[in-house]
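**Q** To be precise about what I am sending: the file is called model31.txt and holds compact mmCIF, C-alpha atoms.
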# COMPACT_ATOMS: atom_id res chain seq x y z
CA MET L 198 -17.50 11.14 22.92
CA THR L 199 -20.34 9.45 24.81
CA VAL L 200 -21.65 6.17 23.41
CA GLU L 201 -23.85 3.37 24.64
CA GLN L 202 -22.02 0.60 26.51
CA PRO L 203 -23.74 -2.78 26.17
CA ALA L 204 -23.86 -4.96 29.25
CA GLY L 205 -22.18 -8.36 29.38
CA TYR L 206 -18.95 -7.65 27.51
CA GLY L 207 -15.47 -7.60 28.96
CA SER L 208 -15.78 -10.05 31.84
CA PRO L 209 -12.28 -11.37 32.60
CA GLY L 210 -11.60 -14.84 31.20
CA ARG L 211 -8.84 -17.06 29.84
CA ALA L 212 -10.03 -17.83 26.29
CA LEU L 213 -6.88 -16.24 24.82
CA HIS L 214 -4.46 -17.10 27.61
CA GLY L 215 -0.88 -17.41 26.35
CA GLN L 216 -1.73 -15.96 22.93
CA THR L 217 -0.58 -12.74 21.29
CA LEU L 218 -2.72 -10.30 19.30
CA VAL L 219 -1.24 -7.69 16.98
CA ALA L 220 -3.75 -4.89 16.35
CA ILE L 221 -2.63 -2.85 13.34
CA ASP L 222 -4.03 0.66 13.67
CA GLY L 223 -5.29 -0.36 17.09
CA SER L 224 -4.98 2.96 18.91
CA ALA L 225 -8.69 3.86 18.75
CA GLY L 226 -12.15 2.61 17.87
CA ILE L 227 -12.63 -1.05 16.95
CA GLY L 228 -8.93 -1.88 17.14
CA LEU L 229 -8.56 -0.54 20.67
CA ALA L 230 -11.83 -2.13 21.85
CA THR L 231 -10.65 -5.50 20.53
CA ALA L 232 -7.25 -5.07 22.17
CA ARG L 233 -8.91 -4.35 25.52
CA LEU L 234 -11.26 -7.33 25.25
CA ALA L 235 -8.48 -9.68 24.10
CA ARG L 236 -6.33 -8.54 27.04
CA ASN L 237 -9.28 -9.27 29.36
CA GLN L 238 -9.31 -12.77 27.90
CA GLY L 239 -5.65 -13.34 28.74
CA ALA L 240 -3.91 -12.31 25.51
CA SER L 241 -0.76 -10.25 25.23
CA VAL L 242 -1.41 -7.28 22.96
CA VAL L 243 0.83 -5.40 20.53
CA LEU L 244 -0.60 -2.13 19.19
CA THR L 245 0.40 -0.10 16.17
CA GLY L 246 -0.77 3.32 14.99
CA ARG L 247 0.41 6.49 13.31
CA ASP L 248 -0.01 8.92 16.21
CA PRO L 249 2.58 8.23 18.95
CA ALA L 250 0.71 10.17 21.64
CA ARG L 251 -2.60 8.44 20.97
CA LEU L 252 -0.79 5.12 20.77
CA ARG L 253 0.78 5.63 24.21
CA ALA L 254 -2.62 6.41 25.69
CA ALA L 255 -4.16 3.35 24.04
CA ALA L 256 -1.34 1.13 25.29
CA GLN L 257 -1.94 2.29 28.84
CA GLU L 258 -5.68 1.78 28.51
CA SER L 259 -5.32 -1.74 27.11
CA ASP L 260 -2.27 -2.82 29.14
CA ALA L 261 -0.42 -3.51 25.88
CA LEU L 262 2.76 -5.52 25.86
CA SER L 263 4.37 -3.18 23.32
CA THR L 264 3.61 -0.58 20.66
CA ALA L 265 5.00 0.57 17.31
CA ALA L 266 4.24 3.96 15.76
CA PHE L 267 4.25 3.86 11.95
CA ASP L 268 2.02 4.20 8.89
CA ALA L 269 0.82 0.72 7.93
CA HIS L 270 0.49 1.84 4.30
CA ASP L 271 4.28 2.30 4.15
CA ALA L 272 5.42 -1.12 2.91
CA ALA L 273 8.97 -0.76 4.24
CA GLN L 274 7.81 0.22 7.72
CA LEU L 275 5.25 -2.58 7.76
CA GLU L 276 7.88 -5.15 6.80
CA ARG L 277 10.29 -3.84 9.44
CA PHE L 278 7.60 -4.09 12.10
CA PHE L 279 6.90 -7.76 11.38
CA GLN L 280 10.60 -8.56 11.18
CA GLN L 281 11.15 -7.06 14.63
CA LEU L 282 8.37 -8.98 16.39
CA PRO L 283 10.01 -11.02 19.16
CA GLY L 284 8.46 -14.36 18.19
CA PRO L 285 5.49 -16.13 16.62
CA ILE L 286 2.09 -14.51 17.16
CA ASP L 287 -1.44 -15.87 17.16
CA HIS L 288 -3.75 -13.20 15.78
CA VAL L 289 -3.53 -10.11 13.57
CA LEU L 290 -6.37 -7.60 13.40
CA LEU L 291 -6.21 -5.06 10.59
CA THR L 292 -8.45 -2.02 10.99
CA ALA L 293 -6.34 0.50 9.05
CA GLY L 294 -8.00 2.26 6.13
CA GLY L 295 -11.34 4.02 6.13
CA PRO L 296 -14.07 4.24 3.48
CA SER L 297 -13.54 6.39 0.42
CA TYR L 298 -16.59 8.01 -1.15
CA GLY L 299 -17.17 10.16 -4.22
CA ARG L 300 -18.72 9.76 -7.65
CA LEU L 301 -16.63 7.51 -9.90
CA LEU L 302 -16.40 10.05 -12.71
CA ASP L 303 -15.27 12.74 -10.28
CA ILE L 304 -12.19 10.91 -8.95
CA ASP L 305 -8.89 10.56 -10.76
CA ALA L 306 -6.88 7.39 -11.27
CA GLU L 307 -4.69 7.99 -8.22
CA GLN L 308 -7.69 8.49 -5.95
CA ALA L 309 -9.21 5.26 -7.28
CA ARG L 310 -5.96 3.36 -6.66
CA ARG L 311 -5.80 4.74 -3.12
CA ALA L 312 -9.41 3.75 -2.40
CA ILE L 313 -8.64 0.16 -3.39
CA SER L 314 -5.21 0.13 -1.75
CA ASP L 315 -6.60 1.26 1.60
CA HIS L 316 -8.21 -2.13 2.01
CA MET L 317 -7.18 -4.87 -0.40
CA VAL L 318 -3.57 -4.02 -1.16
CA LEU L 319 -2.78 -3.31 2.49
CA ALA L 320 -4.51 -6.54 3.52
CA LEU L 321 -2.45 -8.46 0.98
CA GLU L 322 0.79 -6.96 2.32
CA VAL L 323 -0.18 -7.87 5.87
CA ALA L 324 -1.12 -11.39 4.74
CA ARG L 325 2.34 -11.88 3.21
CA HIS L 326 3.90 -11.06 6.56
CA CYS L 327 1.49 -13.34 8.42
CA ALA L 328 2.79 -16.34 6.49
CA GLY L 329 5.43 -17.87 8.72
CA THR L 330 4.73 -15.41 11.54
CA VAL L 331 1.24 -16.40 12.72
CA ARG L 332 1.00 -19.81 14.36
CA PRO L 333 -1.11 -22.54 12.68
CA GLY L 334 -4.74 -22.11 13.67
CA GLY L 335 -4.22 -18.42 14.36
CA THR L 336 -6.12 -15.63 12.69
CA LEU L 337 -5.78 -12.79 10.22
CA LEU L 338 -8.90 -10.73 10.75
CA LEU L 339 -9.86 -8.05 8.21
CA MET L 340 -12.41 -5.25 8.51
CA GLY L 341 -14.95 -4.28 5.89
CA GLY L 342 -18.43 -2.78 5.88
CA THR L 343 -22.05 -3.33 4.93
CA GLY L 344 -23.07 0.24 4.12
CA ALA L 345 -21.88 0.17 0.51
CA ARG L 346 -23.74 -3.01 -0.43
CA ARG L 347 -26.63 -0.85 -1.62
CA ILE L 348 -25.15 0.92 -4.65
CA ARG L 349 -25.62 4.67 -4.83
CA ALA L 350 -23.83 7.11 -7.10
CA ALA L 351 -22.24 9.04 -4.24
CA LEU L 352 -20.47 5.91 -2.96
CA GLY L 353 -18.19 5.67 -5.97
CA VAL L 354 -15.68 2.82 -5.79
CA ALA L 355 -16.77 1.72 -2.29
CA PRO L 356 -19.43 -0.81 -3.47
CA ALA L 357 -16.87 -2.51 -5.73
CA VAL L 358 -14.39 -2.86 -2.88
CA THR L 359 -17.14 -4.06 -0.55
CA ALA L 360 -18.24 -6.71 -3.04
CA ALA L 361 -14.68 -7.90 -3.66
CA LEU L 362 -13.56 -8.27 -0.04
CA PRO L 363 -15.44 -11.52 0.80
CA ALA L 364 -13.96 -13.34 -2.22
CA PHE L 365 -10.55 -11.83 -1.48
CA THR L 366 -10.81 -13.08 2.11
CA ALA L 367 -11.80 -16.58 1.02
CA SER L 368 -8.87 -16.77 -1.40
CA LEU L 369 -6.44 -15.66 1.29
CA ALA L 370 -7.87 -18.29 3.64
CA LEU L 371 -6.91 -21.01 1.18
CA GLU L 372 -3.44 -19.62 0.54
CA LEU L 373 -2.58 -18.89 4.19
CA ALA L 374 -3.99 -22.12 5.65
CA PRO L 375 -3.63 -23.37 8.34
CA VAL L 376 -3.71 -19.71 9.41
CA ARG L 377 -7.37 -18.68 9.35
CA VAL L 378 -8.54 -15.56 7.49
CA ASN L 379 -11.92 -13.94 8.13
CA LEU L 380 -13.69 -10.66 7.42
CA ILE L 381 -15.90 -8.62 9.72
CA ALA L 382 -18.35 -6.39 7.85
CA ALA L 383 -19.68 -3.65 10.13
CA GLY L 384 -22.46 -1.16 9.61
CA PHE L 385 -22.39 2.20 11.36
CA VAL L 386 -20.20 1.93 14.46
CA ASP L 387 -19.95 4.83 16.90
CA THR L 388 -16.21 5.46 16.63
CA PRO L 389 -13.92 8.48 16.34
CA LEU L 390 -13.77 7.78 12.58
CA SER L 391 -17.57 8.05 12.35
CA ALA L 392 -17.39 11.31 14.29
CA ARG L 393 -14.85 12.71 11.82
CA LEU L 394 -16.85 11.62 8.79
CA LEU L 395 -20.22 12.91 10.02
CA GLY L 396 -19.16 16.00 11.97
CA ASP L 397 -22.19 17.95 13.16
CA ALA L 398 -24.52 15.29 11.75
CA LEU L 399 -23.30 12.63 14.20
CA ASP L 400 -25.96 13.13 16.87
CA SER L 401 -28.81 13.07 14.37
CA ARG L 402 -27.43 9.87 12.83
CA ARG L 403 -27.30 8.26 16.28
CA GLU L 404 -30.90 9.24 16.97
CA GLU L 405 -32.03 7.93 13.59
CA LEU L 406 -30.38 4.57 14.23
CA ARG L 407 -31.74 4.27 17.77
CA ALA L 408 -35.22 4.79 16.34
CA THR L 409 -34.90 2.41 13.38
CA LEU L 410 -32.48 -0.43 14.18
CA PRO L 411 -34.09 -3.65 15.41
CA ILE L 412 -31.69 -3.71 18.38
CA GLY L 413 -32.89 -0.27 19.50
CA ARG L 414 -29.43 1.18 20.00
CA VAL L 415 -26.30 2.16 18.10
CA VAL L 416 -23.56 -0.42 17.44
CA VAL L 417 -20.40 0.46 19.38
CA PRO L 418 -16.79 -0.78 19.10
CA VAL L 419 -17.11 -3.41 21.84
CA ASP L 420 -19.90 -5.10 19.82
CA VAL L 421 -17.44 -5.63 16.99
CA ALA L 422 -14.66 -6.56 19.42
CA ALA L 423 -16.81 -9.34 20.91
CA LEU L 424 -17.28 -10.83 17.44
CA ALA L 425 -13.55 -10.48 16.70
CA VAL L 426 -12.55 -12.35 19.87
CA HIS L 427 -15.10 -15.09 19.10
CA ILE L 428 -13.57 -15.57 15.65
CA MET L 429 -10.11 -15.76 17.19
CA THR L 430 -11.17 -18.46 19.66
CA ASN L 431 -13.36 -20.58 17.37
CA THR L 432 -10.81 -22.48 15.29
CA ALA L 433 -13.45 -23.84 12.88
CA LEU L 434 -13.96 -20.42 11.29
CA THR L 435 -12.09 -19.41 8.15
CA GLY L 436 -12.73 -17.83 4.77
CA ALA L 437 -16.01 -16.27 5.88
CA THR L 438 -17.62 -12.84 6.26
CA TYR L 439 -19.47 -11.92 9.44
CA ASP L 440 -21.90 -8.99 9.54
CA VAL L 441 -22.36 -6.87 12.66
CA ASP L 442 -24.69 -3.96 11.99
CA GLY L 443 -27.58 -4.22 14.44
CA GLY L 444 -29.94 -5.07 11.59
CA GLN L 445 -29.12 -1.93 9.60
CA GLN L 446 -29.38 -3.75 6.28
CA LEU L 447 -32.88 -4.93 7.16
CA VAL L 448 -34.24 -1.40 7.52
CA GLY L 449 -32.34 0.25 4.70
Rewrite the structure from the file as structure tokens, please.
**A**
Amino acid sequence: MTVEQPAGYGSPGRALHGQTLVAIDGSAGIGLATARLARNQGASVVLTGRDPARLRAAAQESDALSTAAFDAHDAAQLERFFQQLPGPIDHVLLTAGGPSYGRLLDIDAEQARRAISDHMVLALEVARHCAGTVRPGGTLLLMGGTGARRIRAALGVAPAVTAALPAFTASLALELAPVRVNLIAAGFVDTPLSARLLGDALDSRREELRATLPIGRVVVPVDVAALAVHIMTNTALTGATYDVDGGQQLVG
């Protein structure tokens, strides 16, 4: 998949020297881009993902310290992973769980539970494990989106989850303090997940965004990664939501 690559990201530095980042579901897209950038800034990186082959490739690409192949939505496996970490860590990035769309009256109760669980319940489970594992001043960084802020029937439960995540993040920030908790809300990002969701419509969506976004290009994973690393290094940031969508909300 060919995407734009913004200039100015990824220059080697030491902002995260001596720190450890755990990227849950970090074998592709935003998770992998953040792992690469954090490694460039001196961090040791631990990657998790469901696909062992893709995880091995991502580990090689990001020079990861270690990997663990498991489904983050499996509570027992998630607990075992945190128990087996060799020592305290500094940052946890959670990118597992994609958007769930469909008219509310067309989904059953189990589908609704899963749509909520993919983000909030999983984030809560990860937060429990961060308590006592992440060093004071470290970060739990959650991922959300901006696309469902404009309510449309076809989005189903997604606008409700989108609206709840900032308050959920702020509450976690109070309970996990002095560990910091923040939320990144992204618009369209040119990732493998976007490719799967859009299929043959991907190229036309890219062209539409290039023509309409104020930045004149599509947002790519390293754009989000740069924001993630900034949040990790700026220890005054907690309980907040940070948008990165290239101005997508401004143009509808």
**Q** Write out as a list in words the residues lying within 8 Å of Pro356 (chain L), counting all atoms listed in the file and excluding same-chain residues fewer than 3 positions away.
**A**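 Those residues are Ala345, Arg346, Arg347, Ile348, Leu352, Gly353, Thr359 and Ala360 of chain L.
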**Q** Could you save those same residues with C-alpha atoms as a short mmCIF file (atom, residue, chain, number, x, y, z; two decimals), in the coordinates of the input?
**A**
data_model
loop_
_atom_site.label_atom_id
_atom_site.label_comp_id
_atom_site.auth_asym_id
_atom_site.auth_seq_id
_atom_site.Cartn_x
_atom_site.Cartn_y
_atom_site.Cartn_z
CA ALA L 345 -21.88 0.17 0.51
CA ARG L 346 -23.74 -3.01 -0.43
CA ARG L 347 -26.63 -0.85 -1.62
CA ILE L 348 -25.15 0.92 -4.65
CA LEU L 352 -20.47 5.91 -2.96
CA GLY L 353 -18.19 5.67 -5.97
CA THR L 359 -17.14 -4.06 -0.55
CA ALA L 360 -18.24 -6.71 -3.04
#
**Q** In Å, with one decimal, what is the gap from CA of Ala374 (chain L) to CA of Leu339 (chain L)?
**A** 15.5 Å
**Q** For His214 (chain L), find every residue with an atom within 12 Å (counting only C-alpha atoms), except residues of its own chain fewer than 4 positions away, and show them as a list in words.
**A**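 Listing them by chain and then by number gives Pro209, Gly210, Leu218, Ala235, Arg236, Asn237, Gln238, Gly239, Ala240, Ser241, Val242, Asp287, Met429 and Thr430 of chain L.
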**Q** Within 7 Å of Ala383 (chain L), counting all atoms listed in the file, which residues show up once you throw out same-chain ones fewer than 3 positions away? Write them as a list in words, please.
**A**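 In the requested format, the answer is Gly341, Gly342, Thr343, Asp440, Val441 and Asp442 of chain L.
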**Q** Kindly give the distance, in Å, that separates CA of Ala324 (chain L) and CA of Arg393 (chain L), rounded to a single decimal.
**A**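 Pair CA of Ala324 (chain L) / CA of Arg393 (chain L) returns 28.6 Å.
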**Q** What's the separation between CA of Ala265 (chain L) and CA of Pro283 (chain L), in Å to one decimal place?
**A** 12.8 Å
**Q** Can you tell me, as JSON, the centre and edge lengths (Å, one decimal) of the axis-aligned box enclosing all of region 414-418 of chain L's listed atoms after padding each side by 3 Å?
**A**
{"center_x": -23.1, "center_y": 0.7, "center_z": 18.7, "size_x": 18.6, "size_y": 8.9, "size_z": 8.6}
**Q** Neighbours of Ala250 (chain L) within 10 Å (all atoms listed in the file; same-chain residues fewer than 6 positions away dropped), as a list in words?
**A**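 The contact residues come out as Ser224, Ala256 and Ala266 of chain L.
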**Q** Residues of region 278-390 of chain L that approach region 225-234 of chain L to 8 Å or less, counting only C-alpha atoms: could you list each one with the shortest pair of atoms and its distance in Å to one decimal, rows by chain and increasing residue number, as CSV?
**A**
residue,atom,partner,partner_atom,distance
L:Leu290,CA,L:Gly228,CA,7.3
L:Leu291,CA,L:Gly228,CA,7.8
L:Thr292,CA,L:Gly228,CA,6.2
L:Thr388,CA,L:Gly226,CA,5.1
L:Pro389,CA,L:Gly226,CA,6.3
L:Leu390,CA,L:Gly226,CA,7.6
**Q** Residues near His326 (chain L), anyone? I mean within 8 Å using all atoms listed in the file, not counting same-chain ones fewer than 4 positions away, as a JSON list (two decimals) with C-alpha atoms, in the frame of the given file.
**A**
[["chain", "number", "residue", "atom", "x", "y", "z"],
["L", 276, "GLU", "CA", 7.88, -5.15, 6.80],
["L", 279, "PHE", "CA", 6.90, -7.76, 11.38],
["L", 322, "GLU", "CA", 0.79, -6.96, 2.32],
["L", 330, "THR", "CA", 4.73, -15.41, 11.54]]
